[in-house]
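As stored in entry.cif (mmCIF, C-alpha atoms and all ligand atoms):
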data_entry
loop_
_atom_site.label_atom_id
_atom_site.label_comp_id
_atom_site.auth_asym_id
_atom_site.auth_seq_id
_atom_site.Cartn_x
_atom_site.Cartn_y
_atom_site.Cartn_z
CA MET A 1 -34.48 -18.50 30.70
CA THR A 2 -31.40 -16.48 31.64
CA THR A 3 -29.39 -15.23 28.69
CA ARG A 4 -25.62 -15.07 28.78
CA LEU A 5 -25.91 -11.31 28.51
CA GLU A 6 -28.13 -11.17 31.60
CA ALA A 7 -25.77 -13.49 33.44
CA GLY A 8 -22.88 -11.16 32.61
CA ALA A 9 -24.59 -8.36 34.51
CA ASP A 10 -24.30 -10.35 37.73
CA VAL A 11 -20.52 -9.97 37.86
CA PRO A 12 -18.21 -7.05 37.26
CA GLY A 13 -16.93 -7.14 33.71
CA CYS A 14 -18.01 -6.97 30.12
CA PRO A 15 -21.57 -8.15 29.36
CA LYS A 16 -20.40 -9.16 25.89
CA HIS A 17 -17.69 -11.38 27.39
CA MET A 18 -15.08 -9.61 25.31
CA THR A 19 -11.40 -10.45 25.66
CA TYR A 20 -10.17 -7.87 23.16
CA GLY A 21 -12.31 -4.91 24.18
CA PRO A 22 -13.50 -2.29 24.36
CA CYS A 23 -16.26 -2.48 21.80
CA GLY A 24 -17.27 0.59 19.82
CA GLY A 25 -20.26 1.29 22.04
CA VAL A 26 -18.53 2.78 25.11
CA ARG A 27 -20.53 5.80 26.21
CA ASP A 28 -19.14 9.31 26.55
CA ASP A 29 -19.07 8.89 30.35
CA LEU A 30 -16.96 5.72 29.79
CA GLY A 31 -19.88 3.56 30.82
CA CYS A 32 -20.94 0.32 29.19
CA GLU A 33 -23.39 0.42 26.29
CA VAL A 34 -25.26 -2.59 27.67
CA GLU A 35 -25.42 -2.22 31.45
CA PRO A 36 -25.17 0.77 33.82
CA VAL A 37 -21.60 -0.12 34.82
CA PRO A 38 -18.19 1.33 33.90
CA CYS A 39 -16.59 -0.35 30.90
CA PRO A 40 -13.75 -2.39 32.44
CA PHE A 41 -11.46 -1.89 29.44
CA VAL A 42 -11.17 1.87 29.62
CA ALA A 43 -9.05 1.94 32.77
CA ALA A 44 -6.36 -0.28 31.18
CA PRO A 45 -3.19 1.54 30.09
CA GLY A 46 -3.62 0.38 26.48
CA PRO A 47 -5.29 -2.16 24.23
CA VAL A 48 -5.36 -5.84 25.12
CA ARG A 49 -2.49 -7.52 23.28
CA TRP A 50 -3.30 -10.26 20.75
CA THR A 51 -2.05 -13.56 22.14
CA GLY A 52 -3.60 -15.90 19.57
CA PRO A 53 -1.83 -17.59 16.67
CA THR A 54 -0.07 -15.55 14.02
CA ALA A 55 -2.33 -15.14 11.00
CA PRO A 56 -1.30 -17.22 7.97
CA PRO A 57 -0.06 -15.30 4.93
CA ARG A 58 -2.88 -14.60 2.46
CA PRO A 59 -2.86 -12.80 -0.89
CA GLU A 60 -3.88 -9.16 -1.14
CA PRO A 61 -7.71 -8.95 -1.17
CA ASP A 62 -9.13 -9.01 -4.71
CA LEU A 63 -10.70 -5.66 -4.00
CA PHE A 64 -7.33 -3.95 -4.38
CA VAL A 65 -6.20 -6.12 -7.26
CA ARG A 66 -9.31 -5.16 -9.28
CA ALA A 67 -8.85 -1.46 -8.49
CA ARG A 68 -5.30 -1.56 -9.91
CA GLY A 69 -3.98 1.26 -7.79
CA ARG A 70 -6.95 3.62 -7.82
CA PRO A 71 -8.96 4.16 -4.59
CA VAL A 72 -11.59 1.55 -3.85
CA VAL A 73 -15.24 2.33 -3.19
CA LEU A 74 -17.32 0.11 -0.94
CA THR A 75 -20.97 0.66 -0.21
CA ASP A 76 -23.21 -0.51 2.60
CA LEU A 77 -26.16 -2.57 1.43
CA SER A 78 -29.46 -1.40 2.93
CA VAL A 79 -32.34 -3.58 1.73
CA PRO A 80 -35.40 -5.19 3.32
CA PRO A 81 -34.56 -8.57 4.91
CA TYR A 82 -35.57 -11.89 3.37
CA ASP A 83 -36.18 -10.32 -0.04
CA ALA A 84 -33.79 -11.86 -2.55
CA ALA A 85 -35.27 -10.09 -5.58
CA THR A 86 -34.91 -6.61 -4.06
CA LEU A 87 -31.41 -7.39 -2.83
CA GLN A 88 -30.30 -8.50 -6.28
CA ARG A 89 -31.95 -5.57 -8.03
CA THR A 90 -30.15 -3.20 -5.64
CA VAL A 91 -26.80 -4.91 -6.07
CA ALA A 92 -27.19 -4.77 -9.85
CA GLY A 93 -27.72 -1.01 -9.55
CA LEU A 94 -24.54 -0.56 -7.53
CA SER A 95 -22.15 -3.10 -8.98
CA ASP A 96 -20.77 -1.00 -11.84
CA ALA A 97 -20.29 2.01 -9.54
CA CYS A 98 -18.75 0.39 -6.45
CA ASP A 99 -15.96 -2.14 -6.00
CA ALA A 100 -17.61 -4.14 -3.22
CA ILE A 101 -20.89 -4.48 -1.39
CA LEU A 102 -20.62 -4.46 2.40
CA VAL A 103 -23.48 -6.61 3.66
CA GLY A 104 -24.42 -5.76 7.24
CA GLU A 105 -25.88 -7.82 10.07
CA HIS A 106 -28.26 -5.84 12.26
CA HIS A 107 -29.60 -6.62 15.71
CA ASP A 108 -33.14 -5.59 14.76
CA ASP A 109 -33.22 -6.79 11.17
CA PRO A 110 -32.05 -10.40 10.76
CA ASP A 111 -31.74 -11.66 7.20
CA PHE A 112 -30.77 -14.76 5.23
CA PRO A 113 -27.67 -16.69 6.45
CA PRO A 114 -24.35 -15.05 5.49
CA THR A 115 -23.35 -17.80 3.06
CA MET A 116 -26.60 -17.36 1.17
CA LEU A 117 -26.26 -13.55 1.14
CA ALA A 118 -22.80 -13.89 -0.41
CA SER A 119 -24.21 -16.07 -3.19
CA LEU A 120 -27.09 -13.68 -3.86
CA VAL A 121 -24.74 -10.69 -4.13
CA ARG A 122 -22.31 -12.57 -6.36
CA ASP A 123 -25.08 -13.86 -8.63
CA ALA A 124 -26.31 -10.28 -9.07
CA GLY A 125 -22.87 -9.14 -10.26
CA GLY A 126 -21.55 -7.70 -6.99
CA HIS A 127 -18.48 -8.47 -4.90
CA PRO A 128 -19.66 -9.29 -1.38
CA TRP A 129 -17.94 -8.45 1.89
CA ILE A 130 -20.08 -10.22 4.44
CA THR A 131 -20.45 -9.00 8.01
CA LEU A 132 -20.31 -11.66 10.71
CA THR A 133 -21.15 -10.60 14.25
CA CYS A 134 -20.73 -12.54 17.47
CA ARG A 135 -24.16 -11.63 18.87
CA ASP A 136 -26.43 -14.17 17.22
CA ARG A 137 -24.17 -17.16 16.56
CA ASN A 138 -22.15 -19.31 18.89
CA ARG A 139 -18.63 -20.28 18.02
CA VAL A 140 -19.61 -23.48 16.24
CA VAL A 141 -22.06 -21.69 13.96
CA LEU A 142 -19.51 -18.96 13.22
CA GLU A 143 -17.01 -21.67 12.28
CA GLN A 144 -19.66 -23.21 10.01
CA GLU A 145 -20.33 -19.89 8.30
CA LEU A 146 -16.61 -19.22 7.79
CA ALA A 147 -16.15 -22.68 6.29
CA GLY A 148 -19.20 -22.14 4.07
CA LEU A 149 -17.99 -18.74 2.88
CA ALA A 150 -14.52 -20.12 2.19
CA ALA A 151 -16.00 -23.01 0.19
CA THR A 152 -18.62 -21.11 -1.81
CA GLY A 153 -16.75 -17.84 -2.23
CA THR A 154 -16.89 -14.30 -0.94
CA ASP A 155 -14.69 -11.30 -1.56
CA GLY A 156 -14.13 -11.10 2.17
CA VAL A 157 -15.63 -11.11 5.64
CA PHE A 158 -16.10 -8.15 7.95
CA CYS A 159 -15.51 -9.43 11.49
CA VAL A 160 -17.43 -7.51 14.14
CA THR A 161 -18.28 -8.10 17.78
CA GLY A 162 -21.68 -6.56 17.15
CA ASP A 163 -23.85 -4.18 19.08
CA ALA A 164 -26.09 -5.62 21.75
CA ARG A 165 -29.74 -5.98 20.89
CA ALA A 166 -31.70 -2.95 22.07
CA PRO A 167 -34.12 -3.42 24.98
CA GLY A 168 -37.42 -4.78 23.76
CA VAL A 169 -36.04 -6.11 20.47
CA ARG A 170 -36.59 -9.89 20.30
CA PRO A 171 -36.53 -10.46 24.08
CA ASP A 172 -37.22 -14.14 23.33
CA VAL A 173 -33.70 -14.84 22.01
CA THR A 174 -30.30 -15.05 23.66
CA GLN A 175 -27.26 -12.95 22.78
CA VAL A 176 -24.28 -15.22 22.51
CA PHE A 177 -20.94 -13.41 22.37
CA ASP A 178 -18.86 -16.60 22.62
CA LEU A 179 -16.25 -14.59 20.68
CA ASP A 180 -15.43 -10.97 20.04
CA GLY A 181 -14.48 -9.33 16.75
CA THR A 182 -10.74 -9.81 17.23
CA ARG A 183 -11.02 -13.51 17.99
CA LEU A 184 -13.42 -13.93 15.07
CA THR A 185 -10.82 -12.22 12.89
CA GLY A 186 -8.30 -14.86 13.94
CA LEU A 187 -10.71 -17.66 12.99
CA ALA A 188 -11.53 -16.07 9.64
CA ALA A 189 -7.86 -15.62 8.79
CA ALA A 190 -7.18 -19.24 9.73
CA ALA A 191 -9.97 -20.22 7.32
CA GLY A 192 -8.02 -18.44 4.57
CA LEU A 193 -10.54 -15.66 4.08
CA PRO A 194 -9.74 -12.00 3.36
CA VAL A 195 -10.69 -10.12 6.53
CA ALA A 196 -11.81 -6.57 7.20
CA VAL A 197 -12.45 -5.13 10.65
CA PRO A 198 -14.20 -2.02 11.94
CA GLU A 199 -12.87 0.72 14.16
CA ALA A 200 -14.47 3.88 15.45
CA PRO A 201 -11.78 6.57 15.85
CA ASP A 202 -14.05 8.88 17.82
CA ALA A 203 -15.55 6.30 20.17
CA PRO A 204 -14.33 6.60 23.74
CA PRO A 205 -11.75 5.79 24.93
CA ARG A 206 -10.11 7.41 21.90
CA GLY A 207 -6.60 6.59 23.10
CA HIS A 208 -7.23 2.86 22.72
CA ARG A 209 -8.60 2.84 19.21
CA ALA A 210 -5.43 2.92 17.09
CA GLY A 211 -3.69 0.30 19.22
CA ARG A 212 -6.76 -1.88 19.12
CA LEU A 213 -6.70 -1.82 15.33
CA ALA A 214 -3.03 -2.84 15.37
CA GLN A 215 -3.95 -5.87 17.49
CA LYS A 216 -6.64 -6.80 14.98
CA GLN A 217 -4.04 -6.74 12.23
CA LEU A 218 -1.93 -9.17 14.24
CA ALA A 219 -5.01 -11.40 14.49
CA GLY A 220 -5.35 -11.37 10.69
CA ALA A 221 -7.14 -8.21 9.57
CA GLN A 222 -6.13 -7.01 6.09
CA LEU A 223 -8.36 -3.96 5.86
CA ALA A 224 -9.90 -1.49 8.33
CA VAL A 225 -13.28 0.12 7.69
CA LEU A 226 -13.73 3.22 9.84
CA ASN A 227 -16.84 4.85 11.16
CA HIS A 228 -17.18 8.49 10.14
CA ALA A 229 -14.81 10.56 12.18
CA GLY A 230 -16.09 14.10 11.72
CA SER A 231 -13.28 15.40 9.51
CA ALA A 232 -10.43 14.33 7.26
CA ALA A 233 -8.01 15.87 9.76
CA ARG A 234 -9.33 13.55 12.44
CA VAL A 235 -8.93 10.54 10.10
CA ALA A 236 -5.38 11.67 9.30
CA ALA A 237 -4.52 11.84 13.00
CA PHE A 238 -6.01 8.41 13.54
CA ALA A 239 -4.20 6.89 10.54
CA ALA A 240 -0.91 8.32 11.83
CA ALA A 241 -1.60 6.83 15.26
CA VAL A 242 -2.30 3.46 13.68
CA ARG A 243 1.05 3.58 11.86
CA ALA A 244 2.77 4.60 15.09
CA GLU A 245 1.34 1.44 16.66
CA GLY A 246 3.15 -0.56 13.96
CA ALA A 247 0.11 -1.44 11.84
CA SER A 248 0.19 -1.14 8.06
CA LEU A 249 -3.23 -2.33 6.95
CA PRO A 250 -5.04 -0.13 4.42
CA ILE A 251 -7.84 2.05 5.75
CA VAL A 252 -11.24 2.55 4.19
CA ALA A 253 -12.82 5.70 5.60
CA GLY A 254 -16.52 6.20 6.07
CA VAL A 255 -18.35 8.69 3.86
CA ALA A 256 -21.74 9.78 5.08
CA VAL A 257 -24.46 9.70 2.43
CA TYR A 258 -27.54 11.77 3.25
CA THR A 259 -29.75 14.08 1.24
CA ASP A 260 -32.58 14.72 3.66
CA GLU A 261 -33.17 15.14 7.36
CA PRO A 262 -34.25 11.53 8.13
CA SER A 263 -31.23 10.01 6.39
CA ALA A 264 -28.87 12.38 8.24
CA ARG A 265 -30.58 11.77 11.56
CA ARG A 266 -30.34 8.01 11.11
CA LEU A 267 -26.55 8.24 10.68
CA GLN A 268 -26.17 10.59 13.64
CA ALA A 269 -27.92 8.06 15.90
CA TYR A 270 -25.06 5.54 15.67
CA PRO A 271 -22.71 5.53 18.70
CA GLY A 272 -19.13 6.46 17.86
CA LEU A 273 -20.13 8.01 14.54
CA GLU A 274 -19.51 11.72 13.99
CA LEU A 275 -20.85 13.87 11.15
CA ASP A 276 -19.65 17.39 10.39
CA PRO A 277 -22.63 19.49 11.56
CA ARG A 278 -21.82 22.39 9.18
CA ARG A 279 -21.82 20.04 6.21
CA VAL A 280 -25.11 18.49 7.26
CA GLU A 281 -26.69 21.92 7.66
CA ALA A 282 -25.45 23.09 4.24
CA VAL A 283 -26.89 20.01 2.49
CA LEU A 284 -30.27 20.21 4.18
CA ALA A 285 -30.58 23.96 3.48
CA ALA A 286 -29.59 23.70 -0.20
CA PRO A 287 -32.19 24.41 -2.92
CA ASP A 288 -31.55 20.90 -4.30
CA PRO A 289 -30.57 18.75 -1.28
CA VAL A 290 -30.09 15.63 -3.41
CA ALA A 291 -27.51 17.29 -5.64
CA ALA A 292 -25.95 18.98 -2.60
CA GLY A 293 -25.78 15.69 -0.69
CA ILE A 294 -24.10 13.94 -3.63
CA ASP A 295 -21.60 16.80 -3.99
CA ALA A 296 -20.93 16.74 -0.25
CA ALA A 297 -20.25 13.00 -0.24
CA VAL A 298 -17.90 13.25 -3.24
CA ALA A 299 -16.08 16.18 -1.63
CA GLU A 300 -15.76 14.32 1.66
CA ALA A 301 -14.42 11.28 -0.18
CA ARG A 302 -11.77 13.37 -1.96
CA GLU A 303 -10.61 14.89 1.33
CA LEU A 304 -10.38 11.44 2.92
CA LEU A 305 -8.59 9.87 -0.04
CA ALA A 306 -5.89 12.54 0.25
CA VAL A 307 -5.01 11.20 3.71
CA ASP A 308 -1.90 9.03 3.87
CA GLY A 309 -2.96 5.44 4.55
CA VAL A 310 -6.52 5.81 3.28
CA ALA A 311 -6.97 3.41 0.36
CA GLY A 312 -10.68 3.81 -0.18
CA VAL A 313 -14.02 4.93 1.13
CA ASN A 314 -17.20 3.25 2.26
CA LEU A 315 -20.52 4.86 1.36
CA SER A 316 -22.75 4.44 4.35
CA GLY A 317 -26.22 5.53 5.19
CA ARG A 318 -29.37 5.19 3.14
CA GLY A 319 -28.86 8.52 1.42
CA THR A 320 -32.54 9.37 1.34
CA SER A 321 -35.86 8.50 2.87
CA ALA A 322 -37.50 8.69 -0.57
CA GLY A 323 -37.16 5.00 -1.35
CA LEU A 324 -34.74 2.23 -2.20
CA GLY A 325 -34.56 3.03 -5.90
CA GLU A 326 -33.65 6.64 -5.16
CA SER A 327 -31.14 5.53 -2.52
CA THR A 328 -29.44 3.17 -4.97
CA ALA A 329 -29.26 5.84 -7.67
CA ILE A 330 -27.71 8.35 -5.25
CA LYS A 331 -25.04 5.94 -4.04
CA ALA A 332 -24.29 4.74 -7.56
CA GLU A 333 -23.80 8.34 -8.73
CA ILE A 334 -21.45 9.05 -5.83
CA GLY A 335 -19.49 5.83 -6.46
CA ARG A 336 -19.10 6.58 -10.16
CA ARG A 337 -17.88 10.12 -9.51
CA ILE A 338 -15.35 9.01 -6.90
CA ARG A 339 -13.99 6.23 -9.10
CA SER A 340 -13.73 8.43 -12.19
CA GLY A 341 -12.36 11.44 -10.30
CA THR A 342 -15.08 13.73 -11.70
S1 LIG B 401 -18.90 -0.97 26.57
FE1 LIG B 401 -18.61 -2.79 25.30
S2 LIG B 401 -16.58 -3.54 25.87
FE2 LIG B 401 -17.20 -2.13 27.48
S3 LIG B 401 -18.16 -3.44 29.03
FE3 LIG B 401 -19.79 -2.73 27.71
S4 LIG B 401 -20.02 -4.30 26.14
FE4 LIG B 401 -18.05 -4.64 27.14
#
Would you encode the structure as structure tokens?
Amino acid sequence: MTTRLEAGADVPGCPKHMTYGPCGGVRDDLGCEVEPVPCPFVAAPGPVRWTGPTAPPRPEPDLFVRARGRPVVLTDLSVPPYDAATLQRTVAGLSDACDAILVGEHHDDPDFPPTMLASLVRDAGGHPWITLTCRDRNRVVLEQELAGLAATGTDGVFCVTGDARAPGVRPDVTQVFDLDGTRLTGLAAAAGLPVAVPEAPDAPPRGHRAGRLAQKQLAGAQLAVLNHAGSAARVAAFAAAVRAEGASLPIVAGVAVYTDEPSARRLQAYPGLELDPRRVEAVLAAPDPVAAGIDAAVAEARELLAVDGVAGVNLSGRGTSAGLGESTAIKAEIGRRIRSGT
């Protein structure tokens, strides 16, 4: 059976059928992340303009209301799939140290449906921000999930186009991409949900990234979560470019959490994600890499929070290869220190 993704390779264009591209996976040579073709969006003079409906007014996300003016701390949730008990134990370990739990959706690690994940996180005392990607669900199913999340409750949704499934991973299933992240943002906003969107400041073509984020705000985004961008100076330049594009949405900057070589390597493998190599080297060479990694993450967070327009940070990465309990403890310690300013 021919998948839509395979069919897309037969014609010039985007294999993900994106309207509001480019995605965050454009390669350094400006080629497509999916097929050996140039990405058609990079030659355009600027980002594709949002032409959908104006997003309805919605209240400020609860995340900021709860924080009452201090920076917010989000954390990625990294747990084994289809394991409710482990998920809830992990959330319980993070919920008093972080303001929200960002629940991912991975091409090689499917998990419970998003509506169920939101309930599990909430029941464990966390505030869920649920990732929805366009890879594994057609438009109807995305509409169902948005309606379900709006009815049962979530802190917010994180609307992402999604990376394509790697070769050899579940070759028996199609990859849908009826929508892209920007159009999904429009649907989520219309459903009345608080919406966050990703952007990768250092992903090529860099010149499109700030304008692309401004278009996502027009579609309904209320919060931007950035990939790591190598340095606070780079985030500051990006935030200024976003403002110059007329966007005002708060930015949550990525903080890399790693305390050993495998956890650093795992983060470095993501396209469009940059770590400071000197910082990585200093942590890995320290006599106590766990303490050094925690200190490095807190220091990076402080630098990022000093940037105009940055309202919070997102702790990403597993932090350690030692185990989930250790990972949770490391991220909780970092979250507590950032929130308390110690
Ligand atoms: S890099 Fe992304 S946006 Fe560009 S053609 Fe490939 S899938 Fe489409």
Throw together the list of residues within 6 Å of ligand LIG 401 (chain B), counting only C-alpha atoms and all ligand atoms, and drop it here as a VMD selection string.
-> chain A and resid 14 to 16 21 to 23 25 to 26 32 to 34 39 to 40
Near range 43-47 of chain A, counting only C-alpha atoms, which residues have an atom at most 7 Å away, once you skip same-chain residues fewer than 5 positions from it, shown as a ChimeraX atom specification?
-> /A:208,211-212
Which neighbours of Leu87 in chain A fall inside 10 Å, counting all atoms listed in the file, when residues of the same chain fewer than 3 positions from it are skipped, and could you give them as a list in words?
-> Leu77, Ser78, Val79, Pro80, Pro81, Tyr82, Asp83, Ala84, Thr90, Val91, Ala92, Gly93, Leu117, Leu120, Val121 and Ala124 of chain A
Near range 243-256 of chain A, within 6 Å and counting all atoms listed in the file, which residues show up once chain neighbours fewer than 6 positions away are dropped, as number ranges by chain?
-> A: 211, 214, 222-228, 309-316
Å distance separating CA of Ala196 in chain A from CA of Phe158 in chain A, one decimal place | 4.6 Å
Determine the nearest neighbour of Leu132 in chain A from the options A:Ala147, A:Ala332, A:Leu184, A:Leu74, counting all atoms listed in the file.
->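 The shortest atom-to-atom distance to Leu132 in chain A comes from A:Leu184.
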How many Å separate CA of Gly319 in chain A from CA of Arg122 in chain A?
-> 23.4 Å
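If you look at CA of Glu143 in chain A and CA of Gly156 in chain A, they are 14.9 Å away from each other.
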Pull the neighbourhood of (-5.1, -15.7, 4.6) for me: all residues within 6 Å in file coordinates, counting all atoms listed in the file, as a ChimeraX atom specification.
-> /A:56-58,189,192-193
From the list A:Ala151, A:Val197, A:Ala296, A:Val42, which residue is nearest Leu30 in chain A when using only C-alpha atoms?
->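 Of A:Ala151, A:Val197, A:Ala296, A:Val42, the one nearest Leu30 in chain A, counting only C-alpha atoms, is A:Val42.
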Show me, as JSON, the centre and edge lengths in Å to one decimal of the axis-aligned box that covers every listed atom of range 36-40 of chain A with 5 Å on each side.
{"center_x": -19.5, "center_y": -0.5, "center_z": 32.9, "size_x": 21.4, "size_y": 13.7, "size_z": 13.9}
